[in-house]
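Here the structure is laid out as C-alpha cells; the discussion comes afterwards.
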Number of protein chains: 2
Amino acid sequence: MAKGASISGFPEWLPSERVVEQRVIDTLRRVFELNGFIGIETRAVEQGSSLLKKGETSKEIYLLSRLQEVGQENDTPVEDRLGLHFDLTVPLSRYVVEHSGDLAFPFKRWQIQKVWRGERPQEGRFREFVQADIDVIGQGDLPDHYEVELPLVMVSALECLREFGLPKATVHANNRKLSEGFYRGLGLTDIEGVLREIDKLDKIGADEVAKLLVEGCGASEAQARACLELADLTAADGAELSAKFDALCEAHGIASDSDAYVLARQGLDTLAMIVDEAARIRPGSVIADLKIARGLDYYTGSVYETFLDGASALGSICSGGRYDNLASQGNRKYPGVGLSIGLSRLVSYMLHTAGAHASRVSPAAVLVAVWNEEDRPASNLIANALRERGIAADVAPTAAKLGKQIKYADKLGIPYVWFPADKADENAHDEVKNIVTGEQTQADAQSWEPDTLVARQTVEIKGVEEA
Amino acid sequence: MAKGASISGFPEWLPSERVVEQRVIDTLRRVFELNGFIGIETRAVEQGSSLLKKGETSKEIYLLSRLQEVGQENDTPVEDRLGLHFDLTVPLSRYVVEHSGDLAFPFKRWQIQKVWRGERPQEGRFREFVQADIDVIGQGDLPDHYEVELPLVMVSALECLREFGLPKATVHANNRKLSEGFYRGLGLTDIEGVLREIDKLDKIGADEVAKLLVEGCGASEAQARACLELADLTAADGAELSAKFDALCEAHGIASDSDAYVLARQGLDTLAMIVDEAARIRPGSVIADLKIARGLDYYTGSVYETFLDGASALGSICSGGRYDNLASQGNRKYPGVGLSIGLSRLVSYMLHTAGAHASRVSPAAVLVAVWNEEDRPASNLIANALRERGIAADVAPTAAKLGKQIKYADKLGIPYVWFPADKADENAHDEVKNIVTGEQTQADAQSWEPDTLVARQTVEIKGVEEA
C-alpha cells in the first residue's frame, strides 16, 4: 500500500515534463556523438576513499549500508564503504585508469547520469539530479586545443536547446595558473583560500570579499584590492587581455621575470588562445572572465562557467575546467578537460520559466476505438498494422461509449481516433478522426499516414502560464 | 589519484560494449512507445517503509546515510531512512498514488533504470543492474485484456532484440489464483510457502521440492505429489488446459462448487484467455506453464517468466505479473500488470555468448587529419561542415605523422580519414580515404556523403571469439 510521499531534494517529473527532459537528453547525446564523443555509463557507487579525496563537496556524500549490516556500519571505515558518486568526473578518472588498456587516448567521452549529494534536506537543494558531461582525457599529456574545443561543443549543444526555450548561453573562461601566478606575485600564499573567496564575488559583492580575504587569507587591504582588480579585468580579445594583465602586474610590482609571472603567463596564453579561437568560430560564445574561480580544488588550468542571458538567478548552468592531477597510474598521469551541465536545473527552468511543454503526454499518434470487447482483436490488428509502419498507436482501454474513448485520447493528447469498420456492413470502411480539427476521413491501416505535423510527440514553447 | 578498483557486483561496460547496451535500450524504448507506453523516471530512493513492505528481496536493500551522520545512523529507524529502490514496480506504485491527479488511467508506462540489491558481495550476483519495465495501472479496476497484451508487447520487443543475437523468447504464464485455489482444494493452507517451494522446481527437481513441501508446508506425501502434478500440467490451448485441470481436480476430490475451485477457475479462465489470444496474434509466443510461481508475494493473478531458446542457464530474462494490492489510496485501489526485463544480464549474454559487438567504438564516421597545428582551424571547419549535415566527425588529436593519425582512426574504428587540401596549392582538393577498403577520392565537406553502410555506428553479430 504505497502512500504518496515526495522527498525533498529528489525531484521527479510528471510524464509530460519527462518528455522535455528526455528530448533534452536526446539532443545532447546527438550533439556529443556528432562531435565524436563516446558514450559511457559508470556504476553509481565508488569507494569512499575515491569520493573523499577531492573537492569541497566531499562532505555531501551518501554512504551505503546493506540492510543486514544495520548497526554494524561503523565497523567499517568510511574509506572502505561504498558511496554514491557526487559528480561524473571522479568516476571517469577511476574508469579511465581501470580500463586504460582498452581505451584509445585521448579518450573523448560523454556521460549523462544521475548524481547524488547528501545535503541536509531543509536546504531545498537537489539531492539527486542529472548531469550531462563531456570530457577528454589524455594519457601522459593532453594538447591545449581541447580547452577551447570542449566549451565550443557545449555552446553548440546549448544552442540546440534553444528550441526548448533556453536563452543564449555564454561561457566565461578563466585560468587557475593565471590567478595563482598573480596572487603569488602579490605575495599571497593561501591560493585555494583566495580562490574560494573570489568565487563568492557575484553572491556577496566586492567589499565583503575584500573583508574575507583580509580576515581569512592573510591579505593586506592593498593585496585584497589587487585581487579584486584582477577579477574585474575585461577584454575584447587575447591581445587586449594580455596588455591589460601586464599593466596590472606592473602596477602591483610583479616582475615579468618572476616565477609567479611565468606561471601566470602560461595561464594567460591559454586563455588568450581560447577567446581568440572561440571568437573566430562562434563570436561571443566564450569570453574571458577573471573572476571565475570554481570551488572544486582539482582544477589546474582553464576553468569555465556558463550563464544564460536574462537568467542570472540560475547561476552557472555548465561548468568545468582542466584537471591534470585527478587520475594517475604509477608515474603516468591522465590529464583531462571537461564541462558538466546541471541538467535537472536546466529542465526545471525550461518547464517553469521558459514554458516548454510536451505536445502531448502519450507517444501514441492514434487511439484505436473498440466498439465492444468481442471486437478488441480487430482493433489490436489495426494498431499492430500502424505500429509496423512506425506509427505509435494505443487501443482504447474499454469498449466504453465513444465519447468516453475520445475523452481518454484527449486527456493523453492523442490527436487521432481510429474507428474500425462495422463488421456487419460489407461496404463499411475504417475511418480516422483528427480530434483537434474534427476532420474525419476513410482510412486503411496498411497505408494511412498521419499529418506529419502531429504525427510525432514534440516539445513546444509557449508563454508562461499560471503556475 | 584515482586508482583502478572494480567492485564485485557492479558491472561496468567498456565503450564498445556500452554501444550494444545503448542500442538495446533505444530499441526497447522505440517498441514501448510504438505501443503507446509513456516513459517516466522515478527517483533512485524510496522511504525504508515503502521498500520493506513487500517481497522476499526486502532483505537486500541498500540504505543511505549522509557522511555527516556517520555514527548516528541508528538514531533513525530503518523505516524512516532512505534506501535505493530494488525494482521499478514499488516506485511506480508510489508514483502513481502520489501523482494520481495528474495521470490518465489506465496509465501505461515504460521505465528503464538502474536498480540496486544489497547482496553479499561474495555471491557473484549483480548488485547494480538495469531493468526495463512496462506496466499498466488502473484506477479502481483494470481490464484483464492487458494480461495478454503486455506479455505480447514484451515478446515483440524481445523479437527486435534478435538482431543483437538474442535467441527466440517464449513467455511462460501461470496464474496465482489457479494455484492457490488448487492448493486450498487439496486442504493446504500455507499457500505462500507452497509457491516458494514450487518456484525451486527447475533448480532442485521434483523429489527435493516434494520433501520441502512435506517438511516445511504441512503437506502430506499425497498433497505434495498433487502439487507437482499441477506444476507438470501442459496444454496446447485454453480448452485442453481447462479439461486437464478439471480432470486433475476430480482425481483429487476438489468439488466444482467449492470456494477453492471457484477461485482456481477465475485464474484458469484468465490463463486460457491469455494462451488462446496470444496464439491468435503470435503463435508459440506465450504458453501456459503451471510451475511458474514467482517469488515476490505481491502478485495476485497472472504471473510470467520468459525463457530463451538454448539459454536455459540464463533462467527467466523477463518476469512479472498482475498485482491488485500493491498501491491504494483510501479505499481506492490501483491494480496493475507488468513485466520487467533484467537488461544487464541480457546485454551480458549478447556480448559474451551471442557475439554482439559495436561496428566501431567511436560514433564518428570521419577523422579529419591535421597537417600541422597551425592548420587545425581549417580541419575544425571541415569537421563542423560535416557535423552540420549530420555526419559525426572527429579531428586528429595532434598533427602527428599521418600514419599515427590513421592508426588513431583505426583504433576507434572510424572508417574514413579526411585529408584537407594543401593550402599552398590552389588546385588542390580535399580528399577522403576509406581506410577499410583503401579507396580514396576527392571530396567537398559541403556535399560529400559516406557510404550508407559504414556511415552509422551499428551492432553486429559474429561467431563467439576466444574470451
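In the C-alpha cells, the first chain shown is A, the next is B, and so on; residue numbers restart at 1 for each chain, and ligands run from 1 in the order shown.
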Q.
With only C-alpha atoms as the counted atoms, please give the residues lying no more than 10 Å from B:Cys160, apart from itself and same-chain residues fewer than 4 positions off, as a list of chain:residue names.
A. B:Val24, B:Thr27, B:Leu28, B:Val31, B:Met154, B:Val155, B:Ser156, B:Phe164, B:Gly165, B:Leu166
Export N, CA, C and O atoms of the chosen residues as a PDB file, in the first residue's frame?
ATOM      1  N   VAL B  24      20.278  -1.492 -27.332  1.00  0.00           N
ATOM      2  CA  VAL B  24      19.203  -2.315 -26.764  1.00  0.00           C
ATOM      3  C   VAL B  24      18.173  -1.412 -26.087  1.00  0.00           C
ATOM      4  O   VAL B  24      16.964  -1.560 -26.282  1.00  0.00           O
ATOM      5  N   THR B  27      16.155   0.447 -28.649  1.00  0.00           N
ATOM      6  CA  THR B  27      15.195  -0.444 -29.318  1.00  0.00           C
ATOM      7  C   THR B  27      13.978  -0.685 -28.432  1.00  0.00           C
ATOM      8  O   THR B  27      12.831  -0.607 -28.892  1.00  0.00           O
ATOM      9  N   LEU B  28      14.228  -0.955 -27.164  1.00  0.00           N
ATOM     10  CA  LEU B  28      13.102  -1.202 -26.248  1.00  0.00           C
ATOM     11  C   LEU B  28      12.225   0.038 -26.137  1.00  0.00           C
ATOM     12  O   LEU B  28      11.000  -0.039 -26.209  1.00  0.00           O
ATOM     13  N   VAL B  31      10.008   0.344 -29.197  1.00  0.00           N
ATOM     14  CA  VAL B  31       8.876  -0.588 -29.207  1.00  0.00           C
ATOM     15  C   VAL B  31       7.837  -0.174 -28.164  1.00  0.00           C
ATOM     16  O   VAL B  31       6.632  -0.169 -28.440  1.00  0.00           O
ATOM     17  N   MET B 154       6.127  -7.289 -24.764  1.00  0.00           N
ATOM     18  CA  MET B 154       7.478  -7.734 -24.422  1.00  0.00           C
ATOM     19  C   MET B 154       8.000  -8.722 -25.473  1.00  0.00           C
ATOM     20  O   MET B 154       9.179  -8.679 -25.847  1.00  0.00           O
ATOM     21  N   VAL B 155       7.137  -9.621 -25.940  1.00  0.00           N
ATOM     22  CA  VAL B 155       7.565 -10.567 -26.976  1.00  0.00           C
ATOM     23  C   VAL B 155       8.010  -9.818 -28.228  1.00  0.00           C
ATOM     24  O   VAL B 155       9.048 -10.127 -28.821  1.00  0.00           O
ATOM     25  N   SER B 156       7.254  -8.795 -28.625  1.00  0.00           N
ATOM     26  CA  SER B 156       7.645  -8.075 -29.852  1.00  0.00           C
ATOM     27  C   SER B 156       8.927  -7.282 -29.606  1.00  0.00           C
ATOM     28  O   SER B 156       9.765  -7.142 -30.505  1.00  0.00           O
ATOM     29  N   PHE B 164      20.416  -8.352 -32.172  1.00  0.00           N
ATOM     30  CA  PHE B 164      21.608  -8.245 -31.330  1.00  0.00           C
ATOM     31  C   PHE B 164      22.050  -9.620 -30.810  1.00  0.00           C
ATOM     32  O   PHE B 164      22.825  -9.717 -29.863  1.00  0.00           O
ATOM     33  N   GLY B 165      21.513 -10.677 -31.398  1.00  0.00           N
ATOM     34  CA  GLY B 165      21.971 -12.017 -31.054  1.00  0.00           C
ATOM     35  C   GLY B 165      21.123 -12.761 -30.043  1.00  0.00           C
ATOM     36  O   GLY B 165      21.486 -13.843 -29.593  1.00  0.00           O
ATOM     37  N   LEU B 166      19.981 -12.189 -29.688  1.00  0.00           N
ATOM     38  CA  LEU B 166      19.130 -12.855 -28.711  1.00  0.00           C
ATOM     39  C   LEU B 166      18.367 -14.005 -29.386  1.00  0.00           C
ATOM     40  O   LEU B 166      17.804 -13.815 -30.459  1.00  0.00           O
TER      41      LEU B 166
END
**Q.** Which of stretch 172-354 of chain A fall in strand (DSSP E or B), as number ranges by chain
**A.** A: 172-175, 286-288, 302-308, 318-323, 327-329, 332-333, 336-342
(Q) Set the distance at 8 Å and use only C-alpha atoms: which residues neighbour B:Tyr304 once local chain neighbours fewer than 4 positions away are removed? I'd like the list as a ChimeraX atom specification. (A) /B:151,171-174,292,294,318-321,339
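Taking only C-alpha atoms into account, B:Val45 lies nearest to A:Glu12 out of the set A:Glu79, A:Asp102, A:Glu426, A:Glu12.
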**Q.** Coordinates-based distance that separates atom CA of B:Thr300 from atom CA of B:Val337 (Å, one decimal)
**A.**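 For atom CA of B:Val337 relative to atom CA of B:Thr300, the distance reads 9.8 Å.
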Q. Which one is closest to chain B: A:Leu213, A:Ala132, A:Val366, A:Ile287? Count only C-alpha atoms.
A.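 Using only C-alpha atoms, chain B sits closest to A:Val366.
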Q | helix (DSSP H, G or I) per DSSP on the backbone: members of stretch 202-392 of chain B, as a VMD selection string | A | chain B and resid 202 to 204 206 to 216 221 to 232 238 to 251 259 to 281 312 to 314 343 to 352 373 to 388
Q: Return the single residue from B:Val148, B:Ala392, B:Ala272, B:Ala279 that is closest to chain A, with distances computed using only C-alpha atoms.
A: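 Among B:Val148, B:Ala392, B:Ala272, B:Ala279, it is B:Ala392 that comes nearest to chain A.
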Q: State, in Å with one decimal place, the distance from atom CA of A:Glu373 to atom CA of B:Ala243.
A: 25.2 Å
Q.
I want to know what sits within 7 Å of B:Phe419, based on only C-alpha atoms, with residues of the same chain fewer than 5 positions away left out; could you give that as a ChimeraX atom specification?
A. /B:368-369,430-432
Serialized selection, C-alpha atoms, as a tab-separated table (two decimals), in the first residue's frame:
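This is the output file again.tsv:
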chain	number	residue	atom	x	y	z
B	368	VAL	CA	39.76	14.87	-40.15
B	369	ALA	CA	43.55	14.85	-40.34
B	430	ASP	CA	40.26	17.79	-50.04
B	431	GLU	CA	40.41	14.02	-50.25
B	432	VAL	CA	38.81	11.33	-48.16
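Minimum atom-to-atom distance to chain A, evaluated using only C-alpha atoms, belongs to B:Glu98 out of B:Glu98, B:Glu229, B:Glu46, B:Asp324.
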Q) Restricting the calculation to only C-alpha atoms, which member of B:Thr189, B:Asn331, B:Thr353, B:Gln442 is positioned closest to chain A? A)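 Once distances to chain A are computed over only C-alpha atoms, the minimum belongs to B:Asn331.
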Q: Point out the residue among A:Ser302, A:Asn380, A:Thr89, A:Ser220 with the least atom-to-atom distance to B:Ala278, counting only C-alpha atoms.
A: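 Looking only at the distances to B:Ala278, the closest residue turns out to be A:Asn380.
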